>>> print(open('target12.cif').read())   # mmCIF, C-alpha atoms
data_coords
#
loop_
_atom_site.label_atom_id
_atom_site.label_comp_id
_atom_site.auth_asym_id
_atom_site.auth_seq_id
_atom_site.Cartn_x
_atom_site.Cartn_y
_atom_site.Cartn_z
CA MET A 1 32.93 -25.48 9.44
CA THR A 2 30.43 -22.87 10.62
CA ARG A 3 28.26 -21.39 7.90
CA TYR A 4 26.36 -18.11 8.08
CA GLN A 5 23.17 -17.03 6.37
CA ILE A 6 20.50 -14.38 6.65
CA ALA A 7 17.85 -15.57 9.14
CA PRO A 8 14.67 -16.83 7.46
CA ASP A 9 12.47 -14.34 9.32
CA VAL A 10 14.33 -11.29 8.01
CA ALA A 11 13.07 -8.93 5.31
CA TRP A 12 15.54 -6.59 3.69
CA VAL A 13 15.95 -4.23 0.83
CA SER A 14 19.01 -2.45 -0.51
CA GLN A 15 19.20 1.06 -1.88
CA GLU A 16 20.16 -0.52 -5.19
CA ASP A 17 16.88 -2.49 -5.16
CA LEU A 18 14.96 0.72 -4.55
CA ASP A 19 16.38 3.11 -7.09
CA GLY A 20 19.49 1.57 -8.56
CA GLY A 21 21.57 3.85 -6.39
CA ASP A 22 25.13 2.72 -5.82
CA ALA A 23 25.48 3.97 -2.23
CA PRO A 24 25.82 0.73 -0.24
CA THR A 25 22.86 0.85 2.13
CA ALA A 26 20.56 -1.92 3.33
CA TYR A 27 17.40 -1.70 5.40
CA LEU A 28 16.26 -4.78 7.29
CA THR A 29 13.99 -6.04 10.01
CA ARG A 30 13.05 -9.25 11.77
CA LEU A 31 9.48 -10.23 11.04
CA PRO A 32 6.96 -9.43 12.16
CA GLY A 33 7.74 -7.23 15.15
CA GLY A 34 11.40 -6.32 14.91
CA PRO A 35 12.75 -2.80 14.75
CA PRO A 36 14.10 -1.33 11.52
CA ILE A 37 17.86 -1.70 11.13
CA LEU A 38 20.03 0.32 8.80
CA LEU A 39 23.37 -0.91 7.49
CA GLU A 40 25.50 1.59 5.64
CA GLY A 41 28.83 1.45 3.88
CA SER A 42 30.95 -1.59 4.66
CA GLY A 43 28.16 -2.95 6.88
CA CYS A 44 25.96 -3.17 3.80
CA VAL A 45 28.74 -4.78 1.80
CA VAL A 46 29.04 -7.57 4.37
CA TRP A 47 25.25 -7.96 4.39
CA LEU A 48 25.20 -8.40 0.64
CA ALA A 49 28.03 -10.92 0.96
CA LEU A 50 25.91 -12.79 3.50
CA ALA A 51 22.94 -12.94 1.11
CA GLU A 52 24.41 -16.01 -0.60
CA GLY A 53 25.40 -17.60 2.72
CA GLY A 54 28.73 -19.24 3.35
CA THR A 55 31.62 -19.73 5.73
CA MET A 56 33.38 -16.77 7.29
CA GLU A 57 36.15 -17.17 4.73
CA GLU A 58 33.68 -17.17 1.83
CA ILE A 59 31.81 -14.17 3.17
CA THR A 60 35.04 -12.28 3.76
CA ALA A 61 36.22 -13.09 0.25
CA ALA A 62 32.93 -11.92 -1.27
CA ALA A 63 33.02 -8.71 0.77
CA ALA A 64 36.62 -8.06 -0.26
CA GLU A 65 35.72 -8.51 -3.90
CA MET A 66 32.71 -6.15 -3.66
CA SER A 67 34.69 -3.50 -1.82
CA GLU A 68 37.81 -3.90 -3.97
CA SER A 69 39.81 -4.61 -0.85
CA THR A 70 41.89 -7.54 0.37
CA VAL A 71 40.80 -10.34 2.65
CA GLU A 72 43.63 -9.52 5.00
CA ALA A 73 42.59 -5.90 5.30
CA ILE A 74 38.94 -6.55 6.21
CA SER A 75 38.78 -10.00 7.84
CA ASP A 76 38.74 -8.74 11.43
CA ASP A 77 36.05 -6.17 10.71
CA VAL A 78 33.93 -8.69 8.82
CA ALA A 79 34.16 -11.21 11.65
CA GLU A 80 33.16 -8.55 14.19
CA LEU A 81 30.18 -7.40 12.14
CA VAL A 82 28.96 -10.94 11.48
CA ASP A 83 29.14 -11.63 15.21
CA GLN A 84 27.04 -8.52 15.86
CA LEU A 85 24.49 -9.58 13.27
CA VAL A 86 24.29 -13.04 14.81
CA ALA A 87 23.83 -11.46 18.22
CA ILE A 88 20.81 -9.46 17.07
CA ARG A 89 19.52 -12.61 15.34
CA VAL A 90 19.31 -11.32 11.81
CA VAL A 91 22.02 -13.82 10.80
CA GLU A 92 22.07 -17.50 11.68
CA GLU A 93 25.12 -19.72 12.13
CA HIS A 94 25.03 -23.45 11.52
CA MET B 95 33.02 -1.21 10.54
CA THR B 96 29.27 -0.94 10.46
CA GLU B 97 27.11 2.07 11.01
CA GLU B 98 23.80 0.93 12.42
CA ALA B 99 21.48 3.87 12.70
CA ASP B 100 17.90 4.63 13.52
CA ALA B 101 16.12 3.44 10.41
CA ARG B 102 13.25 5.85 11.00
CA SER B 103 15.47 8.06 8.91
CA ALA B 104 15.25 5.43 6.16
CA PRO B 105 13.62 6.63 2.96
CA ILE B 106 9.90 6.07 2.66
CA ALA B 107 10.43 3.59 -0.16
CA ALA B 108 12.49 1.34 2.10
CA ARG B 109 9.93 1.51 4.88
CA VAL B 110 7.12 0.69 2.45
CA HIS B 111 8.96 -2.39 1.14
CA LEU B 112 9.66 -3.66 4.65
CA ALA B 113 6.12 -2.90 5.80
CA HIS B 114 4.71 -5.05 2.98
CA ALA B 115 6.90 -7.89 4.26
CA VAL B 116 5.71 -7.34 7.84
CA VAL B 117 2.06 -7.49 6.77
CA GLN B 118 2.69 -10.63 4.69
CA LYS B 119 4.30 -12.34 7.68
CA LEU B 120 1.35 -11.41 9.89
CA ALA B 121 -1.01 -12.84 7.28
CA GLU B 122 0.94 -16.10 7.02
CA ASP B 123 1.14 -16.54 10.78
CA ARG B 124 -2.57 -15.94 11.33
CA GLY B 125 -4.13 -17.53 8.26
CA ILE B 126 -5.30 -14.23 6.80
CA ASP B 127 -6.12 -14.08 3.10
CA LEU B 128 -4.82 -10.84 1.63
CA LEU B 129 -3.29 -9.46 -1.52
CA HIS B 130 -0.68 -6.73 -1.80
CA LEU B 131 -1.60 -3.93 -4.19
CA LYS B 132 0.12 -1.01 -5.91
CA GLY B 133 3.61 0.27 -5.14
CA PRO B 134 6.23 -2.47 -4.90
CA ALA B 135 3.46 -5.05 -5.34
CA VAL B 136 2.98 -4.05 -8.98
CA LEU B 137 4.39 -6.65 -11.35
CA PRO B 138 7.25 -5.61 -13.63
CA GLY B 139 6.22 -3.75 -16.75
CA LEU B 140 2.94 -2.40 -15.38
CA ARG B 141 4.23 0.86 -13.98
CA ALA B 142 7.02 3.25 -14.83
CA GLU B 143 10.35 2.57 -13.20
CA GLY B 144 11.18 4.87 -10.34
CA ARG B 145 7.61 5.44 -9.16
CA GLN B 146 7.46 5.20 -5.38
CA SER B 147 4.62 4.66 -2.97
CA SER B 148 4.25 6.38 0.35
CA ASP B 149 2.08 3.71 1.96
CA VAL B 150 1.18 0.04 1.87
CA ASP B 151 -2.07 -1.03 0.23
CA VAL B 152 -3.55 -4.45 0.88
CA LEU B 153 -6.87 -6.04 -0.05
CA VAL B 154 -8.04 -8.39 2.69
CA ARG B 155 -10.78 -11.00 2.51
CA PRO B 156 -13.61 -9.14 4.29
CA GLY B 157 -14.25 -12.06 6.62
CA HIS B 158 -10.63 -11.90 7.77
CA LEU B 159 -10.59 -8.18 8.50
CA HIS B 160 -10.92 -8.56 12.27
CA ARG B 161 -7.97 -10.94 12.29
CA LEU B 162 -5.84 -8.53 10.29
CA ALA B 163 -6.79 -5.63 12.55
CA GLY B 164 -5.72 -7.63 15.58
CA ALA B 165 -2.49 -8.67 13.89
CA LEU B 166 -1.58 -5.13 12.88
CA GLU B 167 -2.27 -3.81 16.36
CA SER B 168 -0.20 -6.62 17.93
CA VAL B 169 2.95 -5.16 16.39
CA GLY B 170 2.21 -1.50 16.96
CA TRP B 171 -0.06 -0.24 14.21
CA GLU B 172 -2.86 2.07 15.38
CA GLN B 173 -6.10 2.47 13.49
CA ARG B 174 -6.46 6.11 12.47
CA THR B 175 -9.44 6.09 10.09
CA HIS B 176 -12.43 3.79 9.92
CA PHE B 177 -14.18 2.29 6.95
CA ALA B 178 -17.16 4.63 7.17
CA THR B 179 -14.91 7.69 7.10
CA GLY B 180 -11.88 6.56 5.13
CA SER B 181 -13.32 7.30 1.70
CA VAL B 182 -16.43 7.85 -0.39
CA PHE B 183 -16.62 4.11 -0.99
CA ALA B 184 -16.19 3.15 2.68
CA HIS B 185 -13.81 0.57 1.30
CA ALA B 186 -10.60 1.28 3.23
CA ALA B 187 -9.30 2.16 6.66
CA ASN B 188 -5.85 3.38 7.61
CA TRP B 189 -3.43 2.16 10.26
CA TRP B 190 -0.32 4.09 11.35
CA HIS B 191 2.98 2.72 12.70
CA ASP B 192 5.79 4.95 13.93
CA ASP B 193 8.41 2.86 12.13
CA TRP B 194 6.52 1.56 9.09
CA GLY B 195 4.10 4.36 8.32
CA TRP B 196 0.66 3.90 6.78
CA VAL B 197 -1.12 0.71 5.84
CA ASP B 198 -4.31 1.18 3.85
CA VAL B 199 -6.47 -1.86 4.42
CA HIS B 200 -9.07 -2.36 1.69
CA VAL B 201 -12.00 -4.73 1.91
CA SER B 202 -13.09 -3.83 -1.61
CA TRP B 203 -11.75 -1.73 -4.44
CA PRO B 204 -13.42 1.49 -5.66
CA GLY B 205 -15.48 0.77 -8.75
CA VAL B 206 -16.13 -2.89 -8.00
CA THR B 207 -19.84 -3.36 -7.33
CA ILE B 208 -20.27 -7.09 -6.67
CA ASP B 209 -20.23 -8.54 -3.14
CA ALA B 210 -16.84 -7.83 -1.55
CA GLU B 211 -16.19 -11.40 -0.44
CA ARG B 212 -16.86 -12.69 -3.97
CA ALA B 213 -14.75 -9.90 -5.44
CA PHE B 214 -11.84 -10.96 -3.24
CA ASP B 215 -12.11 -14.49 -4.59
CA VAL B 216 -12.05 -13.15 -8.15
CA PHE B 217 -8.99 -10.96 -7.49
CA ALA B 218 -7.25 -13.80 -5.66
CA ARG B 219 -8.06 -16.43 -8.29
CA GLY B 220 -4.89 -15.91 -10.27
CA ARG B 221 -2.69 -14.63 -7.45
CA VAL B 222 1.04 -14.98 -7.85
CA HIS B 223 4.06 -14.72 -5.60
CA HIS B 224 6.05 -11.52 -5.97
CA SER B 225 9.18 -10.73 -4.01
CA ILE B 226 9.08 -7.61 -1.86
CA ALA B 227 11.98 -7.01 0.52
CA HIS B 228 13.17 -10.55 -0.36
CA ARG B 229 9.91 -12.06 0.90
CA ASP B 230 7.28 -13.82 -1.17
CA CYS B 231 4.15 -11.69 -1.11
CA LEU B 232 0.86 -12.62 -2.76
CA VAL B 233 -0.32 -10.19 -5.44
CA PRO B 234 -3.10 -10.31 -8.06
CA ASP B 235 -2.22 -11.52 -11.55
CA ARG B 236 -1.35 -9.11 -14.36
CA THR B 237 -4.91 -8.70 -15.66
CA ALA B 238 -6.26 -7.92 -12.20
CA GLN B 239 -3.38 -5.53 -11.57
CA ARG B 240 -4.09 -3.66 -14.81
CA LEU B 241 -7.72 -3.25 -13.75
CA ILE B 242 -6.79 -2.17 -10.23
CA LEU B 243 -4.41 0.49 -11.54
CA VAL B 244 -6.96 1.85 -14.01
CA LEU B 245 -9.72 1.95 -11.39
CA HIS B 246 -7.39 3.70 -8.98
CA SER B 247 -6.54 6.26 -11.61
CA ALA B 248 -10.22 6.92 -12.29
CA ARG B 249 -10.87 7.34 -8.57
CA SER B 250 -7.94 9.77 -8.40
CA GLY B 251 -9.27 12.04 -11.10
CA GLY B 252 -7.46 10.37 -13.98
CA THR B 253 -4.08 11.38 -12.58
CA GLY B 254 -2.75 7.85 -12.17
CA ASP B 255 -0.22 6.37 -14.51
CA THR B 256 -2.10 3.93 -16.75
CA ASP B 257 0.23 4.20 -19.69
CA LEU B 258 1.74 0.76 -19.18
CA ALA B 259 -1.30 -0.80 -17.54
CA TRP B 260 -3.76 0.19 -20.28
CA THR B 261 -2.56 2.47 -23.06
CA ARG B 262 0.27 0.22 -24.12
CA ALA B 263 -1.51 -3.04 -23.35
CA GLU B 264 -2.05 -5.44 -26.25
CA PRO B 265 -5.64 -5.78 -27.58
CA GLY B 266 -5.92 -9.25 -26.04
CA GLU B 267 -4.76 -7.93 -22.69
CA ARG B 268 -7.34 -5.15 -22.84
CA ASP B 269 -10.05 -7.70 -23.65
CA ASP B 270 -9.04 -9.65 -20.56
CA VAL B 271 -9.28 -6.50 -18.43
CA ARG B 272 -12.73 -5.68 -19.84
CA ALA B 273 -13.92 -9.23 -19.15
CA LEU B 274 -12.65 -9.04 -15.59
CA ALA B 275 -14.35 -5.66 -15.12
CA ARG B 276 -17.64 -7.18 -16.29
CA GLU B 277 -17.26 -10.05 -13.82
CA LEU B 278 -16.62 -7.58 -11.00
CA GLY B 279 -19.36 -5.15 -12.01
CA ALA B 280 -16.70 -2.51 -12.60
CA GLU B 281 -17.49 -1.56 -16.21
CA VAL B 282 -18.40 2.06 -15.43
CA ALA B 283 -15.31 2.64 -13.31
CA LEU B 284 -13.12 1.06 -15.99
CA ALA B 285 -14.77 3.29 -18.59
CA ALA B 286 -14.00 6.31 -16.43
CA GLY B 287 -10.36 5.27 -16.29
CA ILE B 288 -9.96 4.76 -20.03
CA GLY B 289 -11.89 7.74 -21.38
CA GLU B 290 -15.16 5.95 -22.16
CA LEU B 291 -17.35 7.24 -19.34
CA GLU B 292 -19.79 9.00 -21.68
CA ARG B 293 -20.98 5.60 -22.89
CA HIS B 294 -22.53 5.15 -19.44
CA ARG B 295 -24.47 8.39 -19.07
CA ASN B 296 -27.56 6.54 -17.88
CA ASP B 297 -25.81 4.54 -15.21
CA PRO B 298 -26.60 5.56 -11.59
CA THR B 299 -22.88 5.86 -10.86
CA TYR B 300 -22.10 8.04 -13.88
CA ALA B 301 -22.29 11.31 -11.92
CA LEU B 302 -19.95 10.01 -9.24
CA TRP B 303 -17.25 9.00 -11.71
CA HIS B 304 -17.76 12.25 -13.59
CA TYR B 305 -17.18 14.08 -10.31
CA PHE B 306 -13.98 12.14 -9.64
CA LEU B 307 -12.68 12.93 -13.11
CA HIS B 308 -13.76 16.55 -13.45
CA GLY B 309 -14.36 17.76 -9.91
CA GLY B 310 -17.19 19.93 -8.63
CA SER B 311 -18.60 21.34 -5.44
CA ARG B 312 -19.22 19.34 -2.26
CA MET B 313 -22.90 19.54 -3.18
CA ASP B 314 -22.15 17.96 -6.56
CA GLU B 315 -20.24 15.23 -4.82
CA TRP B 316 -23.02 14.42 -2.39
CA ARG B 317 -25.64 14.50 -5.15
CA ALA B 318 -23.51 12.08 -7.17
CA ARG B 319 -23.00 9.84 -4.15
CA LEU B 320 -26.73 9.85 -3.47
CA ALA B 321 -27.48 8.85 -7.05
CA ALA B 322 -24.93 6.05 -6.86
CA ALA B 323 -26.17 4.65 -3.54
CA PRO B 324 -27.76 1.34 -4.56
CA THR B 325 -30.52 1.08 -1.94
CA ALA B 326 -32.89 3.33 -0.03
CA ARG B 327 -31.10 2.40 3.19
CA ALA B 328 -27.77 3.41 1.67
CA LYS B 329 -29.23 6.75 0.59
CA VAL B 330 -30.54 7.46 4.10
CA ALA B 331 -27.16 6.56 5.60
CA LEU B 332 -25.46 8.94 3.19
CA LEU B 333 -27.80 11.80 3.98
CA THR B 334 -27.26 11.25 7.69
CA SER B 335 -23.50 11.37 7.34
CA ALA B 336 -23.43 14.21 4.83
CA LEU B 337 -23.17 16.94 7.40
CA ARG B 338 -21.46 15.02 10.15
CA VAL B 339 -17.88 15.98 10.91
CA ASN B 340 -15.36 13.31 9.95
CA ARG B 341 -13.59 12.87 13.30
CA ASP B 342 -10.87 10.68 11.79
CA HIS B 343 -9.86 13.31 9.26
CA LEU B 344 -10.08 16.07 11.87
CA ARG B 345 -7.77 14.03 14.09
CA MET B 346 -5.23 13.68 11.26
CA GLU B 347 -5.49 17.40 10.50
CA LEU B 348 -4.87 18.33 14.14
CA GLY B 349 -2.33 15.59 14.82
CA ARG B 350 -4.27 14.55 17.95
CA PRO B 351 -7.81 13.52 18.90
CA PRO B 352 -10.18 16.50 18.54
CA THR B 353 -11.95 17.89 21.58
CA ARG B 354 -15.76 18.07 21.67
CA GLN B 355 -15.50 21.82 21.22
CA GLU B 356 -13.39 21.43 18.08
CA VAL B 357 -15.85 18.94 16.63
CA ARG B 358 -18.72 21.36 17.35
CA GLU B 359 -16.85 24.26 15.73
CA ARG B 360 -16.10 22.18 12.64
CA GLN B 361 -19.75 21.12 12.49
CA VAL B 362 -20.76 24.77 12.33
CA LEU B 363 -18.25 25.37 9.54
CA ARG B 364 -19.62 22.45 7.55
CA LEU B 365 -23.18 23.69 7.89
CA ARG B 366 -22.16 27.20 6.85
CA ARG B 367 -20.28 25.89 3.83
CA ALA B 368 -23.22 23.73 2.79
CA GLY B 369 -25.45 26.77 3.17
CA ARG B 370 -23.17 28.92 1.01
CA GLU B 371 -23.05 26.28 -1.74
CA LEU B 372 -26.81 25.96 -1.69
CA SER B 373 -27.27 29.76 -1.85
CA ALA B 374 -24.87 30.03 -4.77
CA ARG B 375 -26.73 27.28 -6.59
CA VAL B 376 -30.08 29.01 -6.02
CA ARG B 377 -28.67 32.34 -7.28
CA ARG B 378 -27.25 30.65 -10.43
CA SER B 379 -30.60 29.06 -11.22
#
>>> encode(input="target12.cif", output="structure tokens")
Amino acid sequence: MTRYQIAPDVAWVSQEDLDGGDAPTAYLTRLPGGPPILLEGSGCVVWLALAEGGTMEEITAAAAEMSESTVEAISDDVAELVDQLVAIRVVEEH
Amino acid sequence: MTEEADARSAPIAARVHLAHAVVQKLAEDRGIDLLHLKGPAVLPGLRAEGRQSSDVDVLVRPGHLHRLAGALESVGWEQRTHFATGSVFAHAANWWHDDWGWVDVHVSWPGVTIDAERAFDVFARGRVHHSIAHRDCLVPDRTAQRLILVLHSARSGGTGDTDLAWTRAEPGERDDVRALARELGAEVALAAGIGELERHRNDPTYALWHYFLHGGSRMDEWRARLAAAPTARAKVALLTSALRVNRDHLRMELGRPPTRQEVRERQVLRLRRAGRELSARVRRS
């Protein structure tokens, strides 16, 4: 079963870390020379779900819980976003 | 589903956090000894919640400065001020990055008078890991951080927030800070930061710290700097630079490198201003 996790050379901070704000926003970069990347809204929710690592099912379930949605409603979007994050190498799959 | 955007529009606080992580990674990759200071590097409980920094401050082992400069420039930082022009203490230089903003690289800390390499060892002695942007960054221990915050406040005219770092510190914690200040030769600067400067009226650096706290004319500043310069050579260097235009600051003011003509015009302005201050002083006396 493929597992996903944030790549070890990524630094990131959420708006909640910065000021306790509840707008789901995350700022990240690959170290040391990567560009800044901004994830807002549901993109941030998936990122936060990825922080603990897990299978696609686990990440989808965590994202659904955080966004008060259902797995069925978001699974396609989550899978697409995770694929994009893998493609830009800020998420690793094992 | 996702909205990736240009993170240059990210708030400064986010950029500062990520920039600390970038600098830490550069240091790890190249064997550079450095400590992260101020801003998100401050340990919990030493500064008020919600305070935000606009730049990254690091203290680098002086012998590793050239390595850090090369590392910063390898990922796009550009040096904008030099150590001789960055501040009164010639202790810091600034690098700019279009994505990450300013990094202030310090080889010593204002108020510390012992050899900079030895001072780094003292600051680094109790270093601890502190997470910034989910990366382990090395920062000084709590006692050193209290001292750094108080010295910074003194250098900034007493405007820094030392409530948690000093005012509300326990007596034992204050004793530790005083002992560290003695070891670093920073007693006068510490005194300036905690309202005890008058106990050091006879110290050569008294006038300088008095100037930082209470202000004065440019002439007052230079007189104070001259008094504080520890050697004859340092005094001569100061006098030489006193009326020279700071090209780095002029560049930042203009937003581009100054032309020779602009430097000449600014030189004339400086001389006129110095002349006016001197005339006013003569008239007063």
>>> atom_distance(input="target12.cif", atom1="CA of Ala259 (chain B)", atom2="CA of Arg141 (chain B)")
6.8 Å
>>> closest_atom_pairs(input="target12.cif", of="chain B", to="chain A", cutoff="12 Å", atoms="only C-alpha atoms", output="CSV")
residue,atom,partner,partner_atom,distance
B:Met95,CA,A:Asp77,CA,5.8
B:Thr96,CA,A:Gly43,CA,4.3
B:Glu97,CA,A:Glu40,CA,5.6
B:Glu98,CA,A:Leu38,CA,5.3
B:Ala99,CA,A:Leu38,CA,5.5
B:Asp100,CA,A:Leu38,CA,6.7
B:Ala101,CA,A:Leu38,CA,5.3
B:Arg102,CA,A:Pro36,CA,7.2
B:Ser103,CA,A:Leu38,CA,9.0
B:Ala104,CA,A:Leu38,CA,7.5
B:Pro105,CA,A:Gln15,CA,9.3
B:Ile106,CA,A:Leu18,CA,10.3
B:Ala107,CA,A:Leu18,CA,6.9
B:Ala108,CA,A:Tyr27,CA,6.7
B:Arg109,CA,A:Tyr27,CA,8.1
B:Val110,CA,A:Val13,CA,10.2
B:His111,CA,A:Val13,CA,7.2
B:Leu112,CA,A:Ala11,CA,6.3
B:Ala113,CA,A:Pro32,CA,9.2
B:His114,CA,A:Ala11,CA,9.5
B:Ala115,CA,A:Ala11,CA,6.3
B:Val116,CA,A:Pro32,CA,5.0
B:Val117,CA,A:Pro32,CA,7.5
B:Gln118,CA,A:Pro32,CA,8.7
B:Lys119,CA,A:Pro32,CA,6.0
B:Leu120,CA,A:Pro32,CA,6.4
B:Ala121,CA,A:Pro32,CA,9.9
B:Glu122,CA,A:Pro32,CA,10.4
B:Asp123,CA,A:Pro32,CA,9.3
B:Arg124,CA,A:Pro32,CA,11.6
B:Gly133,CA,A:Leu18,CA,11.4
B:Pro134,CA,A:Leu18,CA,9.3
B:Glu143,CA,A:Asp19,CA,8.6
B:Gly144,CA,A:Asp19,CA,6.4
B:Arg145,CA,A:Asp19,CA,9.3
B:Gln146,CA,A:Leu18,CA,8.8
B:Ser147,CA,A:Leu18,CA,11.2
B:Ala165,CA,A:Pro32,CA,9.6
B:Leu166,CA,A:Pro32,CA,9.6
B:Glu167,CA,A:Gly33,CA,10.6
B:Ser168,CA,A:Gly33,CA,8.4
B:Val169,CA,A:Gly33,CA,5.4
B:Gly170,CA,A:Gly33,CA,8.2
B:Trp171,CA,A:Gly33,CA,10.5
B:His191,CA,A:Gly33,CA,11.3
B:Asp192,CA,A:Pro35,CA,10.4
B:Asp193,CA,A:Pro36,CA,7.1
B:Trp194,CA,A:Pro36,CA,8.5
B:Gly195,CA,A:Pro36,CA,11.9
B:Ser225,CA,A:Ala11,CA,10.3
B:Ile226,CA,A:Val13,CA,8.1
B:Ala227,CA,A:Trp12,CA,4.8
B:His228,CA,A:Ala11,CA,5.9
B:Arg229,CA,A:Ala11,CA,6.3
B:Asp230,CA,A:Ala11,CA,10.0
B:Cys231,CA,A:Ala11,CA,11.3
>>> atom_distance(input="target12.cif", atom1="CA of Arg327 (chain B)", atom2="CA of Val282 (chain B)")
22.5 Å
>>> atom_distance(input="target12.cif", atom1="CA of Arg262 (chain B)", atom2="CA of Gly139 (chain B)")
10.3 Å
>>> residues_near_point(input="target12.cif", point="(0.7, -1.7, -3.9)", cutoff="9 Å", atoms="all atoms listed in the file", output="PyMOL selection string")
chain B and resi 114+130-136+147+149-152+233
>>> resolve_selection(input="target12.cif", expression="the PyMOL selection byres ((chain B and resi 277) around 12)", output="PyMOL selection string")
chain B and resi 206-209+212-217+238+241+270-276+278-281
>>> closest_residue(input="target12.cif", among="B:His223, B:Asp269, B:Asp297, B:Thr175", to="His200 (chain B)", atoms="all atoms listed in the file")
B:Thr175
>>> closest_residue(input="target12.cif", among="B:Gly349, B:Pro298, B:Gly164, B:Gly310", to="Pro324 (chain B)", atoms="all atoms listed in the file")
B:Pro298
>>> resolve_selection(input="target12.cif", expression="the PyMOL selection byres ((chain B and resi 318) around 12)", output="CSV table (one decimal) with C-alpha atoms, in the frame of the given file")
chain,number,residue,atom,x,y,z
B,182,VAL,CA,-16.4,7.8,-0.4
B,297,ASP,CA,-25.8,4.5,-15.2
B,298,PRO,CA,-26.6,5.6,-11.6
B,299,THR,CA,-22.9,5.9,-10.9
B,300,TYR,CA,-22.1,8.0,-13.9
B,301,ALA,CA,-22.3,11.3,-11.9
B,302,LEU,CA,-20.0,10.0,-9.2
B,303,TRP,CA,-17.2,9.0,-11.7
B,304,HIS,CA,-17.8,12.2,-13.6
B,305,TYR,CA,-17.2,14.1,-10.3
B,306,PHE,CA,-14.0,12.1,-9.6
B,309,GLY,CA,-14.4,17.8,-9.9
B,310,GLY,CA,-17.2,19.9,-8.6
B,311,SER,CA,-18.6,21.3,-5.4
B,312,ARG,CA,-19.2,19.3,-2.3
B,313,MET,CA,-22.9,19.5,-3.2
B,314,ASP,CA,-22.2,18.0,-6.6
B,315,GLU,CA,-20.2,15.2,-4.8
B,316,TRP,CA,-23.0,14.4,-2.4
B,317,ARG,CA,-25.6,14.5,-5.2
B,319,ARG,CA,-23.0,9.8,-4.2
B,320,LEU,CA,-26.7,9.8,-3.5
B,321,ALA,CA,-27.5,8.8,-7.0
B,322,ALA,CA,-24.9,6.0,-6.9
B,323,ALA,CA,-26.2,4.6,-3.5
B,324,PRO,CA,-27.8,1.3,-4.6
B,329,LYS,CA,-29.2,6.8,0.6
B,332,LEU,CA,-25.5,8.9,3.2
B,333,LEU,CA,-27.8,11.8,4.0
>>> residues_around(input="target12.cif", residues="Asp127 (chain B)", least_positions_apart="2", cutoff="9 Å", atoms="only C-alpha atoms", output="list in words")
Ala121, Glu122, Gly125, Leu129, Leu153, Val154, Arg155, His158 and Ala218 of chain B
>>> write_last_selection(input="target12.cif", atoms="C-alpha atoms", output="compact mmCIF listing (two decimals), keeping the file's coordinate frame")
# COMPACT_ATOMS: atom_id res chain seq x y z
CA ALA B 121 -1.01 -12.84 7.28
CA GLU B 122 0.94 -16.10 7.02
CA GLY B 125 -4.13 -17.53 8.26
CA LEU B 129 -3.29 -9.46 -1.52
CA LEU B 153 -6.87 -6.04 -0.05
CA VAL B 154 -8.04 -8.39 2.69
CA ARG B 155 -10.78 -11.00 2.51
CA HIS B 158 -10.63 -11.90 7.77
CA ALA B 218 -7.25 -13.80 -5.66
>>> residues_near_point(input="target12.cif", point="(26.7, -20.7, 7.4)", cutoff="6 Å", atoms="all atoms listed in the file", output="PyMOL selection string")
chain A and resi 2-5+53-55+93-94
>>> decode(input="target12.cif", residues="region 254-263 of chain B", atoms="N, CA and C atoms", output="PDB file, in the first residue's frame")
ATOM      1  N   GLY B 254      12.651  48.169  22.788  1.00  0.00           N
ATOM      2  CA  GLY B 254      12.352  46.745  22.654  1.00  0.00           C
ATOM      3  C   GLY B 254      11.506  46.245  23.809  1.00  0.00           C
ATOM      4  N   ASP B 255      10.912  45.096  23.592  1.00  0.00           N
ATOM      5  CA  ASP B 255      10.054  44.510  24.602  1.00  0.00           C
ATOM      6  C   ASP B 255      10.901  43.602  25.491  1.00  0.00           C
ATOM      7  N   THR B 256      11.233  44.071  26.689  1.00  0.00           N
ATOM      8  CA  THR B 256      12.029  43.260  27.612  1.00  0.00           C
ATOM      9  C   THR B 256      11.209  42.853  28.825  1.00  0.00           C
ATOM     10  N   ASP B 257       9.919  43.029  28.711  1.00  0.00           N
ATOM     11  CA  ASP B 257       9.058  42.723  29.852  1.00  0.00           C
ATOM     12  C   ASP B 257       9.225  41.263  30.274  1.00  0.00           C
ATOM     13  N   LEU B 258       9.108  40.358  29.322  1.00  0.00           N
ATOM     14  CA  LEU B 258       9.211  38.940  29.652  1.00  0.00           C
ATOM     15  C   LEU B 258      10.670  38.513  29.805  1.00  0.00           C
ATOM     16  N   ALA B 259      11.542  39.109  29.010  1.00  0.00           N
ATOM     17  CA  ALA B 259      12.948  38.698  29.040  1.00  0.00           C
ATOM     18  C   ALA B 259      13.652  39.156  30.305  1.00  0.00           C
ATOM     19  N   TRP B 260      13.252  40.322  30.856  1.00  0.00           N
ATOM     20  CA  TRP B 260      13.958  40.833  32.033  1.00  0.00           C
ATOM     21  C   TRP B 260      13.006  41.185  33.186  1.00  0.00           C
ATOM     22  N   THR B 261      12.056  42.050  32.929  1.00  0.00           N
ATOM     23  CA  THR B 261      11.244  42.583  34.023  1.00  0.00           C
ATOM     24  C   THR B 261      10.568  41.469  34.812  1.00  0.00           C
ATOM     25  N   ARG B 262      10.052  40.500  34.111  1.00  0.00           N
ATOM     26  CA  ARG B 262       9.334  39.434  34.801  1.00  0.00           C
ATOM     27  C   ARG B 262      10.189  38.195  35.064  1.00  0.00           C
ATOM     28  N   ALA B 263      11.493  38.324  34.797  1.00  0.00           N
ATOM     29  CA  ALA B 263      12.385  37.185  35.061  1.00  0.00           C
ATOM     30  C   ALA B 263      12.543  36.999  36.568  1.00  0.00           C
TER      31      ALA B 263
END
